[in-house]
file input_38.csv (CSV, N, CA and C atoms)
chain,number,residue,atom,x,y,z
R,1,MET,N,17.0,-40.4,-28.3
R,1,MET,CA,17.6,-40.5,-27.0
R,1,MET,C,18.9,-41.3,-27.1
R,2,MET,N,19.9,-40.9,-26.4
R,2,MET,CA,21.2,-41.5,-26.5
R,2,MET,C,21.2,-42.9,-26.2
R,3,GLY,N,20.4,-43.4,-25.2
R,3,GLY,CA,20.4,-44.8,-24.8
R,3,GLY,C,19.9,-45.7,-25.9
R,4,GLN,N,19.3,-45.2,-26.9
R,4,GLN,CA,18.8,-46.0,-28.0
R,4,GLN,C,19.8,-46.2,-29.1
R,5,ASN,N,20.9,-45.5,-29.1
R,5,ASN,CA,21.9,-45.5,-30.1
R,5,ASN,C,23.2,-45.9,-29.6
R,6,SER,N,23.7,-47.1,-29.9
R,6,SER,CA,25.0,-47.5,-29.4
R,6,SER,C,26.2,-46.6,-29.9
R,7,ALA,N,26.0,-46.0,-31.1
R,7,ALA,CA,27.0,-45.1,-31.6
R,7,ALA,C,27.2,-43.9,-30.7
R,8,ALA,N,26.2,-43.5,-30.0
R,8,ALA,CA,26.3,-42.4,-29.1
R,8,ALA,C,27.2,-42.7,-27.9
R,9,ALA,N,27.4,-44.0,-27.6
R,9,ALA,CA,28.2,-44.4,-26.5
R,9,ALA,C,29.7,-44.3,-26.8
R,10,ASP,N,30.1,-44.4,-28.1
R,10,ASP,CA,31.5,-44.5,-28.4
R,10,ASP,C,32.2,-43.2,-28.0
R,11,PRO,N,31.8,-42.0,-28.4
R,11,PRO,CA,32.5,-40.8,-28.0
R,11,PRO,C,32.6,-40.6,-26.5
R,12,LEU,N,31.5,-40.9,-25.9
R,12,LEU,CA,31.4,-40.7,-24.4
R,12,LEU,C,32.4,-41.7,-23.7
R,13,ASN,N,32.4,-42.9,-24.2
R,13,ASN,CA,33.3,-43.9,-23.6
R,13,ASN,C,34.8,-43.7,-23.9
R,14,GLN,N,35.0,-43.0,-25.0
R,14,GLN,CA,36.4,-42.6,-25.3
R,14,GLN,C,37.0,-41.7,-24.3
R,15,VAL,N,36.1,-40.7,-23.9
R,15,VAL,CA,36.5,-39.8,-22.8
R,15,VAL,C,36.7,-40.5,-21.5
R,16,ARG,N,35.7,-41.4,-21.2
R,16,ARG,CA,35.8,-42.1,-19.9
R,16,ARG,C,37.0,-43.0,-19.8
R,17,SER,N,37.3,-43.7,-20.9
R,17,SER,CA,38.4,-44.6,-20.9
R,17,SER,C,39.8,-43.9,-20.8
R,18,ARG,N,39.8,-42.7,-21.3
R,18,ARG,CA,41.0,-41.9,-21.2
R,18,ARG,C,41.5,-41.7,-19.8
R,19,VAL,N,40.5,-41.6,-18.9
R,19,VAL,CA,40.8,-41.3,-17.5
R,19,VAL,C,40.6,-42.5,-16.6
R,20,GLY,N,40.4,-43.7,-17.2
R,20,GLY,CA,40.3,-45.0,-16.5
R,20,GLY,C,38.9,-45.3,-15.9
R,21,LEU,N,37.9,-44.6,-16.4
R,21,LEU,CA,36.5,-44.9,-15.9
R,21,LEU,C,35.9,-46.0,-16.8
R,22,ALA,N,35.0,-46.8,-16.2
R,22,ALA,CA,34.3,-47.9,-16.9
R,22,ALA,C,33.4,-47.3,-17.9
R,23,PRO,N,33.2,-48.0,-19.0
R,23,PRO,CA,32.3,-47.5,-20.1
R,23,PRO,C,30.8,-47.6,-19.6
R,24,ILE,N,30.0,-46.8,-20.3
R,24,ILE,CA,28.5,-46.8,-20.1
R,24,ILE,C,27.9,-47.4,-21.3
R,25,ALA,N,27.2,-48.5,-21.2
R,25,ALA,CA,26.7,-49.2,-22.4
R,25,ALA,C,25.6,-48.4,-23.1
R,26,SER,N,24.7,-47.9,-22.3
R,26,SER,CA,23.6,-47.2,-22.9
R,26,SER,C,23.5,-45.8,-22.2
R,27,PRO,N,24.3,-44.9,-22.6
R,27,PRO,CA,24.3,-43.6,-21.9
R,27,PRO,C,23.0,-42.8,-22.1
R,28,THR,N,22.6,-42.1,-21.1
R,28,THR,CA,21.4,-41.2,-21.1
R,28,THR,C,21.8,-39.8,-21.3
R,29,MET,N,20.9,-38.9,-21.5
R,29,MET,CA,21.2,-37.5,-21.6
R,29,MET,C,21.8,-37.0,-20.3
R,30,ASP,N,21.4,-37.5,-19.1
R,30,ASP,CA,21.9,-37.2,-17.8
R,30,ASP,C,23.4,-37.6,-17.8
R,31,ASP,N,23.7,-38.8,-18.3
R,31,ASP,CA,25.1,-39.2,-18.3
R,31,ASP,C,26.0,-38.3,-19.1
R,32,LEU,N,25.5,-37.9,-20.3
R,32,LEU,CA,26.2,-36.9,-21.1
R,32,LEU,C,26.4,-35.6,-20.4
R,33,LYS,N,25.4,-35.1,-19.8
R,33,LYS,CA,25.5,-33.8,-19.1
R,33,LYS,C,26.5,-33.9,-18.0
R,34,HIS,N,26.5,-35.0,-17.3
R,34,HIS,CA,27.4,-35.2,-16.2
R,34,HIS,C,28.9,-35.2,-16.7
R,35,GLU,N,29.1,-35.9,-17.8
R,35,GLU,CA,30.4,-36.0,-18.4
R,35,GLU,C,30.9,-34.6,-18.9
R,36,ARG,N,30.0,-33.9,-19.5
R,36,ARG,CA,30.4,-32.6,-20.0
R,36,ARG,C,30.7,-31.6,-18.8
R,37,ARG,N,29.9,-31.8,-17.8
R,37,ARG,CA,30.2,-30.9,-16.6
R,37,ARG,C,31.5,-31.2,-16.0
R,38,CYS,N,31.9,-32.5,-15.9
R,38,CYS,CA,33.2,-32.8,-15.4
R,38,CYS,C,34.3,-32.4,-16.3
R,39,GLU,N,34.1,-32.7,-17.6
R,39,GLU,CA,35.2,-32.4,-18.6
R,39,GLU,C,35.4,-30.9,-18.8
R,40,LEU,N,34.4,-30.1,-18.6
R,40,LEU,CA,34.5,-28.7,-18.9
R,40,LEU,C,34.4,-27.9,-17.6
R,41,ALA,N,34.8,-28.5,-16.5
R,41,ALA,CA,34.7,-27.8,-15.2
R,41,ALA,C,35.3,-26.4,-15.1
R,42,CYS,N,36.4,-26.2,-15.8
R,42,CYS,CA,37.1,-24.9,-15.7
R,42,CYS,C,37.0,-24.1,-17.0
R,43,GLU,N,36.2,-24.6,-17.9
R,43,GLU,CA,36.0,-23.9,-19.2
R,43,GLU,C,34.6,-23.3,-19.3
R,44,TRP,N,34.5,-22.2,-18.6
R,44,TRP,CA,33.2,-21.6,-18.4
R,44,TRP,C,32.4,-21.3,-19.7
R,45,THR,N,33.0,-20.8,-20.7
R,45,THR,CA,32.2,-20.5,-21.9
R,45,THR,C,31.6,-21.7,-22.6
R,46,ASP,N,32.4,-22.8,-22.6
R,46,ASP,CA,31.9,-24.0,-23.2
R,46,ASP,C,30.7,-24.6,-22.3
R,47,ARG,N,30.9,-24.6,-21.0
R,47,ARG,CA,29.9,-25.0,-20.1
R,47,ARG,C,28.6,-24.2,-20.2
R,48,PHE,N,28.8,-22.9,-20.3
R,48,PHE,CA,27.7,-22.0,-20.4
R,48,PHE,C,26.9,-22.3,-21.7
R,49,GLN,N,27.6,-22.5,-22.8
R,49,GLN,CA,26.9,-22.9,-24.0
R,49,GLN,C,26.1,-24.2,-23.9
R,50,ASP,N,26.6,-25.2,-23.2
R,50,ASP,CA,25.9,-26.4,-23.0
R,50,ASP,C,24.6,-26.1,-22.2
R,51,LEU,N,24.7,-25.3,-21.1
R,51,LEU,CA,23.6,-25.0,-20.3
R,51,LEU,C,22.5,-24.3,-21.0
R,52,LYS,N,22.9,-23.4,-21.9
R,52,LYS,CA,21.9,-22.7,-22.7
R,52,LYS,C,21.3,-23.6,-23.7
R,53,ARG,N,22.1,-24.4,-24.4
R,53,ARG,CA,21.6,-25.3,-25.4
R,53,ARG,C,20.5,-26.3,-24.8
R,54,TRP,N,20.8,-26.8,-23.6
R,54,TRP,CA,20.0,-27.8,-23.0
R,54,TRP,C,18.8,-27.1,-22.2
R,55,GLY,N,18.8,-25.8,-22.1
R,55,GLY,CA,17.7,-25.2,-21.3
R,55,GLY,C,17.9,-25.3,-19.8
R,56,ASP,N,19.2,-25.5,-19.4
R,56,ASP,CA,19.5,-25.7,-18.0
R,56,ASP,C,20.2,-24.5,-17.3
R,57,VAL,N,20.0,-23.3,-17.9
R,57,VAL,CA,20.7,-22.2,-17.3
R,57,VAL,C,20.3,-21.8,-15.9
R,58,ALA,N,19.1,-22.2,-15.5
R,58,ALA,CA,18.7,-21.9,-14.2
R,58,ALA,C,19.6,-22.5,-13.1
R,59,LYS,N,20.4,-23.5,-13.5
R,59,LYS,CA,21.3,-24.2,-12.6
R,59,LYS,C,22.4,-23.3,-12.1
R,60,ILE,N,22.7,-22.2,-12.9
R,60,ILE,CA,23.8,-21.4,-12.5
R,60,ILE,C,23.3,-20.1,-11.7
R,61,GLN,N,22.0,-20.1,-11.5
R,61,GLN,CA,21.4,-18.9,-10.8
R,61,GLN,C,21.4,-19.0,-9.3
R,62,MET,N,21.9,-20.1,-8.8
R,62,MET,CA,21.9,-20.2,-7.3
R,62,MET,C,23.3,-19.7,-6.8
R,63,PRO,N,23.3,-19.2,-5.6
R,63,PRO,CA,24.6,-18.8,-5.0
R,63,PRO,C,25.5,-20.0,-4.8
R,64,LEU,N,26.8,-19.7,-4.8
R,64,LEU,CA,27.8,-20.7,-4.6
R,64,LEU,C,28.3,-20.6,-3.1
R,65,HIS,N,28.5,-21.8,-2.6
R,65,HIS,CA,28.9,-21.9,-1.2
R,65,HIS,C,30.3,-22.6,-1.1
R,66,GLY,N,30.9,-22.3,0.0
R,66,GLY,CA,32.2,-23.0,0.3
R,66,GLY,C,32.5,-23.1,1.8
R,67,ARG,N,33.6,-23.7,2.1
R,67,ARG,CA,34.0,-23.9,3.5
R,67,ARG,C,34.9,-22.7,4.0
R,68,ASN,N,34.6,-22.3,5.2
R,68,ASN,CA,35.4,-21.3,5.9
R,68,ASN,C,36.0,-22.0,7.1
R,69,TYR,N,37.3,-22.4,6.9
R,69,TYR,CA,38.0,-23.2,7.9
R,69,TYR,C,38.5,-22.3,9.1
R,70,ALA,N,38.4,-22.8,10.3
R,70,ALA,CA,38.9,-22.1,11.5
R,70,ALA,C,40.4,-21.9,11.3
R,71,ASP,N,41.1,-22.9,10.7
R,71,ASP,CA,42.6,-22.8,10.5
R,71,ASP,C,42.8,-23.1,9.0
R,72,ASN,N,43.0,-22.1,8.2
R,72,ASN,CA,43.2,-22.2,6.8
R,72,ASN,C,44.3,-23.1,6.3
R,73,THR,N,45.2,-23.4,7.2
R,73,THR,CA,46.4,-24.3,6.9
R,73,THR,C,46.1,-25.7,7.2
R,74,ASN,N,44.9,-26.0,7.9
R,74,ASN,CA,44.6,-27.4,8.3
R,74,ASN,C,43.2,-27.8,7.8
R,75,PRO,N,43.2,-28.6,6.7
R,75,PRO,CA,41.9,-29.0,6.2
R,75,PRO,C,41.1,-29.9,7.1
R,76,ASP,N,41.7,-30.3,8.2
R,76,ASP,CA,40.9,-31.1,9.2
R,76,ASP,C,40.3,-30.2,10.3
R,77,SER,N,40.6,-28.9,10.2
R,77,SER,CA,40.0,-28.0,11.3
R,77,SER,C,38.5,-27.8,11.1
R,78,PRO,N,37.9,-27.4,12.1
R,78,PRO,CA,36.4,-27.1,12.0
R,78,PRO,C,36.1,-26.0,10.9
R,79,TYR,N,35.0,-26.1,10.3
R,79,TYR,CA,34.6,-25.1,9.3
R,79,TYR,C,33.1,-24.8,9.3
R,80,THR,N,32.8,-23.7,8.7
R,80,THR,CA,31.4,-23.4,8.5
R,80,THR,C,31.2,-23.2,7.0
R,81,ILE,N,29.9,-23.4,6.6
R,81,ILE,CA,29.6,-23.3,5.2
R,81,ILE,C,29.1,-21.8,5.0
R,82,VAL,N,29.7,-21.1,4.1
R,82,VAL,CA,29.4,-19.7,3.8
R,82,VAL,C,29.2,-19.5,2.3
R,83,GLN,N,28.4,-18.5,2.0
R,83,GLN,CA,28.2,-18.1,0.6
R,83,GLN,C,29.4,-17.4,0.2
R,84,VAL,N,30.0,-17.8,-0.9
R,84,VAL,CA,31.2,-17.2,-1.4
R,84,VAL,C,31.0,-16.4,-2.7
R,85,TRP,N,29.8,-16.6,-3.3
R,85,TRP,CA,29.5,-15.9,-4.6
R,85,TRP,C,28.0,-15.8,-4.6
R,86,LYS,N,27.5,-14.5,-4.8
R,86,LYS,CA,26.1,-14.3,-4.8
R,86,LYS,C,25.4,-15.0,-6.0
R,87,ALA,N,24.1,-15.2,-6.0
R,87,ALA,CA,23.4,-15.8,-7.1
R,87,ALA,C,23.6,-15.0,-8.3
R,88,ARG,N,23.8,-15.6,-9.4
R,88,ARG,CA,24.0,-15.0,-10.7
R,88,ARG,C,22.6,-14.7,-11.3
R,89,THR,N,22.6,-13.7,-12.2
R,89,THR,CA,21.3,-13.4,-12.9
R,89,THR,C,21.4,-13.8,-14.3
R,90,TYR,N,20.3,-14.2,-14.9
R,90,TYR,CA,20.3,-14.7,-16.3
R,90,TYR,C,19.0,-14.2,-16.8
R,91,ASP,N,19.0,-13.4,-17.9
R,91,ASP,CA,17.8,-13.0,-18.5
R,91,ASP,C,17.7,-13.6,-19.9
R,92,ALA,N,16.8,-14.6,-20.0
R,92,ALA,CA,16.8,-15.4,-21.3
R,92,ALA,C,16.4,-14.6,-22.5
R,93,SER,N,15.7,-13.5,-22.3
R,93,SER,CA,15.4,-12.6,-23.5
R,93,SER,C,16.6,-11.9,-24.0
R,94,LYS,N,17.7,-11.8,-23.2
R,94,LYS,CA,18.9,-11.1,-23.7
R,94,LYS,C,20.1,-12.1,-23.7
R,95,ASP,N,20.3,-12.8,-22.6
R,95,ASP,CA,21.5,-13.6,-22.4
R,95,ASP,C,21.7,-14.9,-23.2
R,96,ILE,N,20.7,-15.3,-23.9
R,96,ILE,CA,20.8,-16.5,-24.7
R,96,ILE,C,21.8,-16.4,-25.8
R,97,VAL,N,22.0,-15.1,-26.2
R,97,VAL,CA,23.0,-14.9,-27.3
R,97,VAL,C,24.0,-13.8,-26.8
R,98,TRP,N,25.1,-13.8,-27.5
R,98,TRP,CA,26.2,-12.8,-27.2
R,98,TRP,C,25.9,-11.6,-28.1
R,99,PRO,N,26.4,-10.4,-27.7
R,99,PRO,CA,26.2,-9.2,-28.6
R,99,PRO,C,27.1,-9.3,-29.8
R,100,TYR,N,26.7,-8.8,-30.9
R,100,TYR,CA,27.6,-8.6,-32.1
R,100,TYR,C,28.6,-7.5,-31.8
R,101,ASN,N,29.8,-7.6,-32.4
R,101,ASN,CA,30.7,-6.6,-32.3
R,101,ASN,C,30.2,-5.4,-33.2
R,102,PRO,N,30.1,-4.2,-32.6
R,102,PRO,CA,29.6,-3.1,-33.4
R,102,PRO,C,30.3,-2.8,-34.7
R,103,ASP,N,31.6,-3.1,-34.7
R,103,ASP,CA,32.4,-2.9,-36.0
R,103,ASP,C,31.9,-3.8,-37.1
R,104,GLU,N,31.5,-5.1,-36.7
R,104,GLU,CA,31.0,-6.0,-37.7
R,104,GLU,C,29.6,-5.6,-38.2
R,105,ILE,N,28.8,-5.1,-37.3
R,105,ILE,CA,27.5,-4.6,-37.7
R,105,ILE,C,27.7,-3.5,-38.7
R,106,SER,N,28.5,-2.5,-38.5
R,106,SER,CA,28.7,-1.4,-39.4
R,106,SER,C,29.3,-1.8,-40.7
R,107,ARG,N,30.2,-2.8,-40.7
R,107,ARG,CA,30.8,-3.3,-41.9
R,107,ARG,C,29.9,-4.2,-42.8
R,108,SER,N,28.8,-4.6,-42.2
R,108,SER,CA,27.8,-5.5,-42.9
R,108,SER,C,26.9,-4.8,-43.8
R,109,ASN,N,26.9,-3.4,-43.8
R,109,ASN,CA,26.0,-2.6,-44.6
R,109,ASN,C,24.6,-2.9,-44.3
R,110,GLY,N,24.2,-3.1,-43.1
R,110,GLY,CA,22.8,-3.3,-42.7
R,110,GLY,C,22.4,-4.8,-42.7
R,111,VAL,N,23.3,-5.7,-43.1
R,111,VAL,CA,22.9,-7.1,-43.1
R,111,VAL,C,22.7,-7.6,-41.6
R,112,TYR,N,23.7,-7.3,-40.8
R,112,TYR,CA,23.6,-7.7,-39.3
R,112,TYR,C,23.0,-6.6,-38.5
R,113,LYS,N,22.1,-7.1,-37.6
R,113,LYS,CA,21.5,-6.2,-36.6
R,113,LYS,C,21.9,-6.7,-35.2
R,114,GLN,N,22.0,-5.8,-34.3
R,114,GLN,CA,22.4,-6.2,-32.9
R,114,GLN,C,21.4,-7.1,-32.3
R,115,ASN,N,21.8,-8.1,-31.6
R,115,ASN,CA,20.9,-9.0,-30.9
R,115,ASN,C,20.0,-8.2,-29.9
R,116,PRO,N,18.8,-8.6,-29.8
R,116,PRO,CA,17.9,-7.9,-28.9
R,116,PRO,C,18.4,-7.8,-27.4
R,117,GLY,N,18.3,-6.7,-26.8
R,117,GLY,CA,18.7,-6.5,-25.4
R,117,GLY,C,20.1,-6.0,-25.3
R,118,TRP,N,20.9,-6.1,-26.4
R,118,TRP,CA,22.3,-5.6,-26.4
R,118,TRP,C,22.3,-4.3,-27.1
call {"tool": "encode", "arguments": {"input": "input_38.csv", "output": "structure tokens"}}
result
Amino acid sequence: MMGQNSAAADPLNQVRSRVGLAPIASPTMDDLKHERRCELACEWTDRFQDLKRWGDVAKIQMPLHGRNYADNTNPDSPYTIVQVWKARTYDASKDIVWPYNPDEISRSNGVYKQNPGW
């Protein structure tokens, strides 16, 4: 567990200090997951790999919601919450891995086989 190892706090706190956040003396796995989520907010493939590695992929299967403002030029105008992206699907039997490039499979002389489901 991360909280048991002070060496685990060093890399996490380097990231936190870079942006002026207070250090965490005994970070937990939840602390790490939160930091990675914030750090990789716009880097989808890295975030997706984290979610798969941690077994948290179900978190991306819910629909995304946003605000629909009465006046899009005024953030203080009234708004309603609307679904802006439908729920994603994730099939663990297939989506846990990426497909191999077919050219690489044929160049491998039978060493590589396509991942199941692809």
call {"tool": "residues_around", "arguments": {"input": "input_38.csv", "residues": "R:Arg88", "least_positions_apart": "6", "cutoff": "9 Å", "atoms": "only C-alpha atoms", "output": "PyMOL selection string"}}
result
chain R and resi 60-63
call {"tool": "write_last_selection", "arguments": {"input": "input_38.csv", "atoms": "N, CA and C atoms", "output": "PDB file, keeping the file's coordinate frame"}}
result
ATOM      1  N   ILE R  60      22.700 -22.200 -12.900  1.00  0.00           N
ATOM      2  CA  ILE R  60      23.800 -21.400 -12.500  1.00  0.00           C
ATOM      3  C   ILE R  60      23.300 -20.100 -11.700  1.00  0.00           C
ATOM      4  N   GLN R  61      22.000 -20.100 -11.500  1.00  0.00           N
ATOM      5  CA  GLN R  61      21.400 -18.900 -10.800  1.00  0.00           C
ATOM      6  C   GLN R  61      21.400 -19.000  -9.300  1.00  0.00           C
ATOM      7  N   MET R  62      21.900 -20.100  -8.800  1.00  0.00           N
ATOM      8  CA  MET R  62      21.900 -20.200  -7.300  1.00  0.00           C
ATOM      9  C   MET R  62      23.300 -19.700  -6.800  1.00  0.00           C
ATOM     10  N   PRO R  63      23.300 -19.200  -5.600  1.00  0.00           N
ATOM     11  CA  PRO R  63      24.600 -18.800  -5.000  1.00  0.00           C
ATOM     12  C   PRO R  63      25.500 -20.000  -4.800  1.00  0.00           C
TER      13      PRO R  63
END
call {"tool": "atom_distance", "arguments": {"input": "input_38.csv", "atom1": "atom CA of R:Asn68", "atom2": "atom CA of R:Gln83"}}
result
9.5 Å
call {"tool": "residues_around", "arguments": {"input": "input_38.csv", "residues": "R:Arg67", "least_positions_apart": "4", "cutoff": "7 Å", "atoms": "only N, CA and C atoms", "output": "list in words"}}
result
Tyr79, Thr80, Ile81 and Val82 of chain R
call {"tool": "closest_residue", "arguments": {"input": "input_38.csv", "among": "R:Asn72, R:Glu104, R:Val15, R:His65", "to": "R:Lys86", "atoms": "only C-alpha atoms"}}
result
R:His65
call {"tool": "atom_distance", "arguments": {"input": "input_38.csv", "atom1": "atom CA of R:Tyr100", "atom2": "atom CA of R:Gln114"}}
result
5.8 Å
call {"tool": "residues_around", "arguments": {"input": "input_38.csv", "residues": "R:Asn115", "least_positions_apart": "2", "cutoff": "9 Å", "atoms": "only C-alpha atoms", "output": "list in words"}}
result
Lys94, Val97, Trp98, Pro99, Tyr100, Tyr112, Lys113, Gly117 and Trp118 of chain R
call {"tool": "closest_residue", "arguments": {"input": "input_38.csv", "among": "R:Asp56, R:Trp44, R:Asp103, R:Leu12", "to": "R:Tyr90", "atoms": "only C-alpha atoms"}}
result
R:Asp56
call {"tool": "atom_distance", "arguments": {"input": "input_38.csv", "atom1": "atom CA of R:Lys52", "atom2": "atom CA of R:Gly20"}}
result
29.6 Å
call {"tool": "select_by_dssp", "arguments": {"input": "input_38.csv", "residues": "stretch 38-112 of chain R", "states": "strand (DSSP E or B)", "output": "VMD selection string"}}
result
chain R and resid 64 to 69 79 to 85
call {"tool": "write_last_selection", "arguments": {"input": "input_38.csv", "atoms": "N, CA and C atoms", "output": "PDB file, in the coordinates of the input"}}
result
ATOM      1  N   LEU R  64      26.800 -19.700  -4.800  1.00  0.00           N
ATOM      2  CA  LEU R  64      27.800 -20.700  -4.600  1.00  0.00           C
ATOM      3  C   LEU R  64      28.300 -20.600  -3.100  1.00  0.00           C
ATOM      4  N   HIS R  65      28.500 -21.800  -2.600  1.00  0.00           N
ATOM      5  CA  HIS R  65      28.900 -21.900  -1.200  1.00  0.00           C
ATOM      6  C   HIS R  65      30.300 -22.600  -1.100  1.00  0.00           C
ATOM      7  N   GLY R  66      30.900 -22.300   0.000  1.00  0.00           N
ATOM      8  CA  GLY R  66      32.200 -23.000   0.300  1.00  0.00           C
ATOM      9  C   GLY R  66      32.500 -23.100   1.800  1.00  0.00           C
ATOM     10  N   ARG R  67      33.600 -23.700   2.100  1.00  0.00           N
ATOM     11  CA  ARG R  67      34.000 -23.900   3.500  1.00  0.00           C
ATOM     12  C   ARG R  67      34.900 -22.700   4.000  1.00  0.00           C
ATOM     13  N   ASN R  68      34.600 -22.300   5.200  1.00  0.00           N
ATOM     14  CA  ASN R  68      35.400 -21.300   5.900  1.00  0.00           C
ATOM     15  C   ASN R  68      36.000 -22.000   7.100  1.00  0.00           C
ATOM     16  N   TYR R  69      37.300 -22.400   6.900  1.00  0.00           N
ATOM     17  CA  TYR R  69      38.000 -23.200   7.900  1.00  0.00           C
ATOM     18  C   TYR R  69      38.500 -22.300   9.100  1.00  0.00           C
ATOM     19  N   TYR R  79      35.000 -26.100  10.300  1.00  0.00           N
ATOM     20  CA  TYR R  79      34.600 -25.100   9.300  1.00  0.00           C
ATOM     21  C   TYR R  79      33.100 -24.800   9.300  1.00  0.00           C
ATOM     22  N   THR R  80      32.800 -23.700   8.700  1.00  0.00           N
ATOM     23  CA  THR R  80      31.400 -23.400   8.500  1.00  0.00           C
ATOM     24  C   THR R  80      31.200 -23.200   7.000  1.00  0.00           C
ATOM     25  N   ILE R  81      29.900 -23.400   6.600  1.00  0.00           N
ATOM     26  CA  ILE R  81      29.600 -23.300   5.200  1.00  0.00           C
ATOM     27  C   ILE R  81      29.100 -21.800   5.000  1.00  0.00           C
ATOM     28  N   VAL R  82      29.700 -21.100   4.100  1.00  0.00           N
ATOM     29  CA  VAL R  82      29.400 -19.700   3.800  1.00  0.00           C
ATOM     30  C   VAL R  82      29.200 -19.500   2.300  1.00  0.00           C
ATOM     31  N   GLN R  83      28.400 -18.500   2.000  1.00  0.00           N
ATOM     32  CA  GLN R  83      28.200 -18.100   0.600  1.00  0.00           C
ATOM     33  C   GLN R  83      29.400 -17.400   0.200  1.00  0.00           C
ATOM     34  N   VAL R  84      30.000 -17.800  -0.900  1.00  0.00           N
ATOM     35  CA  VAL R  84      31.200 -17.200  -1.400  1.00  0.00           C
ATOM     36  C   VAL R  84      31.000 -16.400  -2.700  1.00  0.00           C
ATOM     37  N   TRP R  85      29.800 -16.600  -3.300  1.00  0.00           N
ATOM     38  CA  TRP R  85      29.500 -15.900  -4.600  1.00  0.00           C
ATOM     39  C   TRP R  85      28.000 -15.800  -4.600  1.00  0.00           C
TER      40      TRP R  85
END
call {"tool": "select_by_dssp", "arguments": {"input": "input_38.csv", "residues": "stretch 14-91 of chain R", "states": "helix (DSSP H, G or I)", "output": "ChimeraX atom specification"}}
result
/R:14-18,29-39,44-54,57-60
call {"tool": "closest_residue", "arguments": {"input": "input_38.csv", "among": "R:Ala9, R:Gln14, R:Phe48, R:Ala41", "to": "R:Met29", "atoms": "only C-alpha atoms"}}
result
R:Ala9
call {"tool": "residues_around", "arguments": {"input": "input_38.csv", "residues": "R:Trp54", "least_positions_apart": "3", "cutoff": "12 Å", "atoms": "only C-alpha atoms", "output": "JSON, numbers by chain"}}
result
{"R": [29, 30, 32, 33, 36, 47, 48, 49, 50, 51, 57, 58, 59, 96]}
